[in-house]
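In what follows, a single structure is set out as structure tokens and then discussed.
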Amino acid sequence: MKNNVYAYILVMAVTTYLIRVLPLTLIRKPIKNKFIRSFLYYVPYVTLSVMTFPSIITATSSIYSGAAGFLAALVLAFCGAGLLKVAVGACGIVFLLELFFV
């Protein structure tokens with residue numbers, strides 16, 4: 001049986017279109033439920049975290065240096081450092097660990 005690539009593309013296009021259009025057509029009134037509103041508020045942050053975290057750990061030659069850089073970034077961010085300081089600090093920790101221990 002020969003696979004039809006155009007059929008696959010059509011099915012994916014329809015699926016993607018329905019996922020984006022159905023909420024716009026079915027939900028016309030503002031959402032008043034606090035739980036659903038808070039859930040929808042945090043969806044982009046969770047999605048970004050889930051996509052980014054594995055890349056942070058596996059981007060280095062050692063999982064341990066990636067985890068150490070991640071922890072350094074968490075500590076710096078929790079202490080109120082800006083984005084540039086957090087990025088430079090995490091990169092510096094990873095660089096030093098990769099330089100001396102790997």
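Scheme for the structure tokens: letters A, B, ... for chains in order shown; per-chain residue numbers from 1; ligand numbers from 1 in order shown.
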Task: Who sits within 10 Å of Ser62 (chain A), only C-alpha atoms, same chain under 6 positions skipped, as a PyMOL selection string - done: chain A and resi 94+97-98+101-102
Open item on the list: When you look at Leu71 (chain A) with a cut-off of 12 Å (counting only C-alpha atoms), what residues show up, excluding the ones that are within fewer than 4 positions of it in the same chain? I need them as a list in words.
Closed with: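 My list of contacting residues is Phe53, Ile56, Ile57, Tyr64, Ser65, Gly66, Ala67, Val75, Leu76, Ala77, Phe78, Val86, Ala87, Gly89, Ala90, Cys91, Ile93 and Val94 of chain A.
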Task: Per-residue DSSP, chain A, filtered to helix (DSSP H, G or I), as a PyMOL selection string - done: chain A and resi 5-26+34-58+63-78+83-101
